[in-house]
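Text of the file query-v9.txt, holding compact mmCIF, C-alpha atoms:
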```txt
# COMPACT_ATOMS: atom_id res chain seq x y z
CA MET J 293 0.00 0.00 0.00
CA ARG J 294 1.28 3.44 -0.91
CA SER J 295 1.94 5.83 1.92
CA TRP J 296 -0.05 9.03 2.43
CA LYS J 297 3.10 10.88 1.39
CA GLY J 298 3.22 8.98 -1.87
CA LEU J 299 -0.45 9.61 -2.58
CA ARG J 300 0.00 13.29 -1.82
CA SER J 301 2.98 13.45 -4.18
CA GLU J 302 0.98 11.77 -6.92
CA ALA J 303 -1.91 14.16 -6.45
CA TRP J 304 0.23 17.26 -6.73
CA CYS J 305 2.54 16.37 -9.59
CA SER J 306 1.61 16.36 -13.24
CA SER J 307 0.14 13.16 -14.61
CA MET J 308 2.71 12.70 -17.39
CA THR J 309 5.88 13.51 -15.40
CA CYS J 310 5.26 12.32 -11.85
CA SER J 311 3.32 9.17 -12.60
CA ALA J 312 6.43 7.59 -14.11
CA ARG J 313 8.57 8.68 -11.14
CA ILE J 314 6.17 7.33 -8.47
CA HIS J 315 5.60 4.02 -10.16
CA GLY J 316 9.24 3.44 -10.87
CA GLY J 317 9.21 4.19 -14.56
CA ALA J 318 11.61 6.37 -16.45
CA GLU J 319 11.11 10.08 -16.03
CA MET J 320 9.95 11.97 -19.10
CA PRO J 321 12.68 13.97 -20.86
CA ARG J 322 13.02 17.59 -19.73
CA SER J 323 12.42 18.90 -23.28
CA PHE J 324 9.17 16.93 -23.52
CA ARG J 325 7.99 18.24 -20.15
CA ARG J 326 8.76 21.79 -21.30
CA SER J 327 6.73 21.28 -24.50
CA VAL J 328 3.76 19.97 -22.56
CA PHE J 329 3.94 22.92 -20.17
CA HIS J 330 3.98 25.39 -23.05
CA ALA J 331 1.03 23.64 -24.71
CA VAL J 332 -1.00 23.85 -21.51
CA CYS J 333 -0.19 27.54 -21.11
CA LEU J 334 -1.22 28.28 -24.69
CA ALA J 335 -4.49 26.43 -24.18
CA VAL J 336 -5.24 28.46 -21.06
CA LEU J 337 -4.43 31.72 -22.83
CA TRP J 338 -6.61 30.70 -25.76
CA PHE J 339 -9.71 29.59 -23.87
CA LEU J 340 -9.68 31.96 -20.91
CA PRO J 341 -10.80 35.06 -22.88
CA CYS J 342 -13.57 33.01 -24.44
CA MET J 343 -14.75 31.81 -21.04
CA LEU J 344 -14.63 35.33 -19.64
CA GLY J 345 -16.48 36.62 -22.70
CA VAL J 346 -19.32 34.16 -22.13
CA ALA J 347 -19.48 35.12 -18.47
CA ASP J 348 -19.48 38.83 -19.32
CA LYS J 349 -22.21 38.34 -21.91
CA SER J 350 -24.37 36.40 -19.47
CA PHE J 351 -23.84 39.05 -16.79
CA ALA J 352 -24.65 41.84 -19.25
CA GLN J 353 -27.90 40.16 -20.31
CA SER J 354 -28.88 39.70 -16.67
CA ALA J 355 -28.01 43.32 -15.89
CA ASP J 356 -29.98 44.57 -18.90
CA LEU J 357 -33.05 42.64 -17.83
CA GLY J 358 -32.90 44.27 -14.41
CA VAL J 359 -32.57 47.71 -16.00
CA TYR J 360 -35.47 47.00 -18.36
CA ARG J 361 -37.72 45.83 -15.54
CA ARG J 362 -36.94 48.88 -13.43
CA ALA J 363 -37.69 51.11 -16.42
CA VAL J 364 -41.08 49.40 -16.90
CA GLU J 365 -41.93 49.77 -13.22
CA PHE J 366 -41.06 53.46 -13.42
CA CYS J 367 -43.37 53.86 -16.41
CA ARG J 368 -46.21 51.93 -14.76
CA GLY J 369 -46.07 54.34 -11.84
CA ALA J 370 -45.77 57.46 -13.97
CA THR J 371 -48.71 59.80 -13.37
CA LYS J 372 -48.51 61.77 -16.59
CA ARG J 373 -49.79 60.15 -19.77
CA PRO J 374 -49.11 59.56 -22.57
CA MET J 375 -45.47 60.63 -22.11
CA THR J 376 -43.11 60.92 -19.16
CA VAL J 377 -39.34 61.14 -18.97
CA ASP J 378 -37.13 60.43 -15.97
CA LEU J 379 -34.95 63.16 -14.48
CA ASP J 380 -31.74 62.25 -16.30
CA GLY J 381 -33.38 61.53 -19.65
CA ARG J 382 -32.45 57.86 -19.77
CA VAL J 383 -36.03 56.52 -19.80
CA LEU J 384 -38.93 57.90 -21.81
CA CYS J 385 -42.36 56.34 -21.24
CA PHE J 386 -45.13 56.27 -23.84
CA ASP J 387 -48.54 54.91 -22.85
CA GLY J 388 -51.45 55.41 -25.23
CA ALA J 389 -52.47 55.82 -28.86
CA ILE J 390 -49.94 57.32 -31.26
CA LEU J 391 -51.73 60.32 -32.77
CA ARG J 392 -50.45 63.27 -34.77
CA ASP J 393 -51.90 65.93 -32.47
CA LEU J 394 -49.88 64.79 -29.43
CA ASP J 395 -47.22 67.01 -27.92
CA PHE J 396 -43.97 65.20 -28.70
CA SER J 397 -41.69 67.84 -27.20
CA LEU J 398 -40.56 65.47 -24.43
CA LEU J 399 -38.81 63.32 -27.04
CA SER J 400 -35.99 65.85 -27.15
CA LYS J 401 -35.16 65.01 -23.52
CA LEU J 402 -34.39 61.36 -24.29
CA ARG J 403 -30.64 60.88 -24.19
CA LYS J 404 -28.80 59.03 -26.92
CA GLY J 405 -28.83 55.33 -26.18
CA GLY J 406 -31.73 55.69 -23.75
CA LEU J 407 -34.76 53.44 -23.23
CA PHE J 408 -38.11 54.04 -24.90
CA VAL J 409 -40.72 52.12 -22.89
CA VAL J 410 -44.03 51.68 -24.67
CA ARG J 411 -47.55 50.33 -24.15
CA SER J 412 -49.86 51.21 -27.00
CA PRO J 413 -53.00 50.05 -28.84
CA GLY J 414 -51.56 51.52 -32.04
CA GLY J 415 -52.27 54.71 -33.91
CA GLU J 416 -51.60 56.55 -37.14
CA ALA J 417 -49.08 54.98 -39.49
CA ARG J 418 -47.35 58.19 -40.56
CA THR J 419 -46.93 59.44 -36.99
CA THR J 420 -45.69 56.06 -35.79
CA THR J 421 -43.11 55.74 -38.57
CA TRP J 422 -41.88 59.26 -37.79
CA LEU J 423 -41.55 58.32 -34.12
CA SER J 424 -39.72 55.12 -35.08
CA ASP J 425 -37.22 57.02 -37.21
CA PHE J 426 -36.58 59.40 -34.32
CA LEU J 427 -35.86 56.47 -31.98
CA ARG J 428 -33.43 54.98 -34.46
CA GLU J 429 -31.56 58.30 -34.70
CA ARG J 430 -31.32 58.40 -30.90
CA LEU J 431 -30.02 54.80 -30.83
CA ALA J 432 -32.77 54.04 -28.33
CA THR J 433 -33.63 50.55 -27.08
CA VAL J 434 -37.37 49.90 -27.29
CA ILE J 435 -38.95 48.14 -24.30
CA VAL J 436 -42.48 46.80 -24.84
CA TYR J 437 -44.79 45.83 -21.96
CA ASP J 438 -48.42 44.67 -21.56
CA TYR J 439 -49.47 45.21 -25.18
CA CYS J 440 -48.25 46.65 -28.47
CA LEU J 441 -50.90 46.45 -31.17
CA SER J 442 -51.49 47.48 -34.77
CA ALA J 443 -49.11 50.31 -35.79
CA CYS J 444 -47.11 49.78 -32.59
CA ALA J 445 -46.41 46.19 -33.63
CA SER J 446 -45.75 47.05 -37.26
CA TYR J 447 -43.40 49.98 -36.71
CA LEU J 448 -42.23 50.53 -33.13
CA LEU J 449 -41.21 46.89 -32.70
CA VAL J 450 -38.55 47.42 -35.39
CA ALA J 451 -37.93 51.12 -34.78
CA SER J 452 -34.31 50.89 -33.64
CA SER J 453 -31.55 48.30 -33.47
CA GLU J 454 -32.84 46.46 -30.39
CA THR J 455 -36.24 45.73 -28.86
CA TYR J 456 -37.03 43.82 -25.68
CA VAL J 457 -40.53 42.45 -25.05
CA ILE J 458 -41.23 41.94 -21.34
CA GLY J 459 -43.00 38.71 -20.30
CA ASP J 460 -46.83 38.63 -20.30
CA THR J 461 -46.95 41.05 -23.21
CA ILE J 462 -49.18 40.86 -26.29
CA VAL J 463 -47.68 41.98 -29.60
CA ALA J 464 -50.37 41.69 -32.27
CA TRP J 465 -51.17 42.90 -35.76
CA HIS J 466 -54.22 43.58 -37.90
CA HIS J 467 -55.11 45.36 -41.14
CA THR J 468 -56.19 48.94 -41.41
CA THR J 469 -59.62 49.70 -39.94
CA TRP J 470 -60.68 51.90 -42.82
CA PRO J 471 -64.08 51.04 -44.34
CA LEU J 472 -62.60 48.81 -47.01
CA CYS J 473 -63.57 45.49 -48.54
CA PRO J 474 -61.90 42.17 -47.62
CA VAL J 475 -60.10 40.29 -50.36
CA LEU J 476 -58.01 37.11 -50.57
CA ARG J 477 -54.71 37.66 -52.38
CA ASP J 478 -51.87 35.36 -53.41
CA ALA J 479 -49.02 35.59 -50.90
CA ILE J 480 -45.59 36.58 -52.16
CA ASP J 481 -44.03 33.61 -50.35
CA GLY J 482 -46.20 31.21 -52.33
CA GLY J 483 -48.06 29.94 -49.26
CA PRO J 484 -51.80 30.06 -48.56
CA ARG J 485 -53.60 33.19 -49.71
CA ARG J 486 -53.58 36.25 -47.46
CA LEU J 487 -56.71 37.97 -46.25
CA GLU J 488 -56.32 41.69 -46.85
CA GLN J 489 -58.44 44.79 -47.33
CA ASP J 490 -58.74 46.97 -50.41
CA ALA J 491 -60.83 49.89 -51.55
CA CYS J 492 -64.38 48.80 -52.37
CA SER J 493 -65.72 49.40 -55.86
CA ASP J 494 -68.21 51.93 -54.48
CA ALA J 495 -65.82 53.51 -51.97
CA ALA J 496 -65.22 57.25 -51.88
CA PRO J 497 -62.48 58.33 -54.31
CA VAL J 498 -60.21 59.33 -51.42
CA TYR J 499 -59.59 55.75 -50.33
CA GLY J 500 -57.68 54.68 -53.44
CA PRO J 501 -54.95 57.34 -53.14
CA ALA J 502 -54.85 56.88 -49.36
CA MET J 503 -54.11 53.16 -49.76
CA PHE J 504 -51.43 53.92 -52.34
CA ALA J 505 -49.80 56.48 -50.01
CA LEU J 506 -49.82 53.93 -47.16
CA LYS J 507 -48.08 51.35 -49.33
CA GLU J 508 -45.40 53.87 -50.31
CA LEU J 509 -44.90 54.80 -46.66
CA GLU J 510 -44.47 51.14 -45.70
CA GLU J 511 -42.00 50.43 -48.49
CA THR J 512 -39.82 53.39 -47.47
CA PHE J 513 -39.96 52.47 -43.80
CA PHE J 514 -39.15 48.76 -44.16
CA ALA J 515 -36.52 49.19 -46.88
CA SER J 516 -33.82 50.03 -44.32
CA ARG J 517 -35.00 47.60 -41.65
CA LEU J 518 -35.48 44.32 -43.47
CA LEU J 519 -32.91 41.58 -43.82
CA ARG J 520 -34.72 40.06 -46.74
CA PHE J 521 -37.34 40.96 -49.29
CA PRO J 522 -40.19 40.61 -50.01
CA TYR J 523 -42.07 41.35 -46.80
CA GLU J 524 -45.79 41.90 -46.42
CA ASP J 525 -47.18 43.96 -43.58
CA PRO J 526 -48.97 43.03 -41.44
CA PRO J 527 -47.14 39.71 -41.21
CA GLU J 528 -49.29 36.57 -41.37
CA SER J 529 -47.89 33.13 -40.67
CA ILE J 530 -49.39 30.16 -42.52
CA PRO J 531 -51.47 28.98 -39.49
CA VAL J 532 -52.83 32.52 -39.03
CA ARG J 533 -53.72 32.83 -42.74
CA ARG J 534 -55.73 29.64 -42.55
CA VAL J 535 -57.68 30.86 -39.52
CA LEU J 536 -58.37 34.26 -41.09
CA LYS J 537 -59.49 32.65 -44.34
CA SER J 538 -61.84 30.31 -42.48
CA MET J 539 -63.35 33.21 -40.51
CA PHE J 540 -63.86 35.26 -43.66
CA GLU J 541 -65.43 32.45 -45.65
CA SER J 542 -67.83 31.51 -42.83
CA THR J 543 -69.21 35.06 -42.46
CA GLY J 544 -68.43 36.85 -45.72
CA THR J 545 -67.08 39.80 -43.73
CA TYR J 546 -63.65 40.83 -42.57
CA PRO J 547 -63.06 39.37 -39.08
CA ASN J 548 -62.49 42.06 -36.47
CA VAL J 549 -59.54 40.31 -34.83
CA LEU J 550 -55.81 40.68 -34.25
CA TRP J 551 -53.11 38.02 -34.36
CA THR J 552 -49.65 37.34 -32.99
CA TRP J 553 -46.56 36.45 -35.02
CA ASN J 554 -44.22 33.88 -33.56
CA PRO J 555 -40.82 35.47 -32.76
CA ARG J 556 -39.00 32.76 -34.69
CA TYR J 557 -40.04 34.54 -37.90
CA SER J 558 -38.94 38.07 -37.00
CA SER J 559 -35.30 37.12 -36.43
CA ALA J 560 -35.04 36.06 -40.06
CA ALA J 561 -36.90 39.10 -41.41
CA PHE J 562 -35.58 42.17 -39.57
CA LYS J 563 -32.25 43.75 -38.76
CA THR J 564 -33.63 44.75 -35.36
CA LYS J 565 -32.72 42.32 -32.60
CA ILE J 566 -36.10 41.48 -31.05
CA THR J 567 -35.98 39.55 -27.77
CA TYR J 568 -39.10 38.13 -26.14
CA GLU J 569 -38.65 37.39 -22.47
CA ALA J 570 -41.52 34.93 -22.85
CA TYR J 571 -43.81 34.45 -25.84
CA PRO J 572 -47.29 33.14 -24.85
CA SER J 573 -47.32 29.34 -24.87
CA SER J 574 -50.92 28.77 -26.00
CA GLN J 575 -54.21 30.34 -27.08
CA ALA J 576 -55.48 29.93 -23.52
CA GLU J 577 -52.57 31.92 -22.09
CA LEU J 578 -53.06 34.59 -24.75
CA ASP J 579 -56.81 34.78 -23.97
CA ALA J 580 -56.00 35.30 -20.30
CA LEU J 581 -53.68 38.19 -21.14
CA VAL J 582 -56.32 39.78 -23.38
CA ALA J 583 -58.80 39.59 -20.50
CA ARG J 584 -56.25 40.95 -18.00
CA TYR J 585 -55.62 44.06 -20.08
CA GLY J 586 -59.29 44.53 -21.02
CA LEU J 587 -58.57 44.71 -24.74
CA GLY J 588 -62.10 43.63 -25.66
CA THR J 589 -61.09 41.79 -28.83
CA TYR J 590 -60.05 38.34 -29.98
CA VAL J 591 -56.37 37.71 -30.71
CA ILE J 592 -55.40 34.66 -32.76
CA TYR J 593 -52.45 32.73 -31.35
CA ASP J 594 -49.63 31.95 -33.78
CA PRO J 595 -48.08 28.66 -32.58
```

Could you express the structure from this file as structure tokens?
Amino acid sequence: MRSWKGLRSEAWCSSMTCSARIHGGAEMPRSFRRSVFHAVCLAVLWFLPCMLGVADKSFAQSADLGVYRRAVEFCRGATKRPMTVDLDGRVLCFDGAILRDLDFSLLSKLRKGGLFVVRSPGGEARTTTWLSDFLRERLATVIVYDYCLSACASYLLVASSETYVIGDTIVAWHHTTWPLCPVLRDAIDGGPRRLEQDACSDAAPVYGPAMFALKELEETFFASRLLRFPYEDPPESIPVRRVLKSMFESTGTYPNVLWTWNPRYSSAAFKTKITYEAYPSSQAELDALVARYGLGTYVIYDP
């Protein structure tokens, strides 16, 4: 039986050099031991920065989440609506519809690289795209909480380079609510037909040019934000298209609903890094959130 001293020696010396000495074998040449030592050192120098980088990244993500949550809590408690800014201009809260007649003067107080925290049922497309362009110029991070619907989902979600969606949040799209006629159109991606709205044959003459202007606005806005073309707004996944088509064909009218878009699609479509803390796991969970926020509408779940 080896003595405690021998076991201790074996534990503390290197496996390639000391093992031979303890067990009576020939000791490894000094040059070989030196080569092994250098190889180990190089490996440590190579992998250590990588390991530290992973740790730093994980810590940064954790720190960001804490900052985002505190910003949301600040905005929930803000007494002034629809806009409030914190004292040092790092957090700007927006809570409400995005309309052209709002006073947007507080936007100038948002510092470069600050947080834009939003909860909105949507609003006017032109005003929302203008706001989105402003946020991109300020290098703001967009933080979405509770709900972001219609124009908020279409434009503010991809306003800047990064967006974070807090858990228990509904991001949902729909078509314009103008008095237009529903129509099924071939999808650019070759999948099932899309349910859309277009000017009715007996519609007032103003609707045709208005639709054309909206399409031009969308093309200009998305041109600098998309990773790939073509893209159709509002986005409709294949499961959502099938549900919308079924609803339309069963009633003959455009269904007054919204729908979600699974985050796995947005990462391939947009330059904006969109992170969902937690996307709803089912239609039942989504229904519960709709009821919690009193949205008073049906939202189709995109699995």

message: Measuring between all atoms listed in the file, which one of J:Tyr585, J:Phe396, J:Tyr360, J:Phe514 shows the shortest distance to Ile462 (chain J)?
response: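 Residue with the minimum atom-to-atom distance to Ile462 (chain J): J:Tyr585.
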
message: Which residues are near region 428-432 of chain J? Cut-off 12 Å, all atoms listed in the file, ignore same chain within fewer than 6 positions. Put them as a ChimeraX atom specification.
response: /J:381-384,399-409,421-422,447-456,513,516-517,564

Test item: residues at most 12 Å from Asp525 (chain J), all atoms listed in the file, excluding those fewer than 2 positions along its chain, as a PyMOL selection string: chain J and resi 417+442-443+445-447+464-468+479-480+486-489+506-507+509-511+513-514+518+521-523+527-529+553+561

query: Can you tell me how far CA of Val359 (chain J) sits from CA of Val377 (chain J), in Å to one decimal?
result: 15.3 Å

task: Choose the residue, out of J:Ala505, J:Leu441, J:Val498, J:Met375, that has the smallest atom-to-atom separation from Thr461 (chain J); count all atoms listed in the file.
output: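 Comparing J:Ala505, J:Leu441, J:Val498, J:Met375 against Thr461 (chain J), the winner is J:Leu441.
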
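As for CA of Arg534 (chain J) and CA of Val582 (chain J), they are spaced 21.7 Å apart.
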
- request: Report the distance between CA of Arg556 (chain J) and CA of Met503 (chain J) in Å, rounded to one decimal place.
  value: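 If I compute the distance from CA of Arg556 (chain J) to CA of Met503 (chain J), I get 29.5 Å.
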
message: So, with all atoms listed in the file as the atoms that count, which of J:Thr376, J:Ser412, J:Thr512, J:Ser573 lies closest to Ala363 (chain J)?
response: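 Result for the nearest residue to Ala363 (chain J): J:Thr376.
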
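Minimum atom-to-atom distance to Leu536 (chain J), evaluated using only C-alpha atoms, belongs to J:Trp551 out of J:Tyr571, J:Phe562, J:Phe426, J:Trp551.
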
field: Test item: which residues lie within 6 Å of (-63.5, 47.9, -48.6) counting all atoms listed in the file, as a list of chain:residue names
entry: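 Protein, DNA and RNA residues close to (-63.5, 47.9, -48.6): J:Pro471, J:Leu472, J:Cys473, J:Asp490, J:Ala491, J:Cys492.
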
field: Minimum-distance residue to Lys565 (chain J), chosen among J:Ala580, J:Val434, J:Val532, J:Leu550 (using only C-alpha atoms)
entry: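 Smallest separation from Lys565 (chain J) among the options: J:Val434.
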
field: Pick from J:Val364, J:Ala560, J:Ile390, J:Leu476 nearest to Asp378 (chain J), counting only C-alpha atoms
entry: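 Nearest candidate to Asp378 (chain J) out of J:Val364, J:Ala560, J:Ile390, J:Leu476: J:Val364.
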
- request: Find the residues near Arg584 (chain J): any atom within 12 Å, counting all atoms listed in the file, skip ones fewer than 3 places away on the same chain, and give them as a list in words.
  value: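 Final neighbour list, sorted by chain and number: Asp438, Tyr439, Asp460, Thr461, Ile462, Glu577, Leu578, Asp579, Ala580, Leu581, Leu587, Gly588 and Thr589 of chain J.
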
field: Expected answer as a PyMOL selection string: all residues with atoms within 6 Å of (-55.8, 58.7, -35.6), all atoms listed in the file
entry: chain J and resi 391+415-416
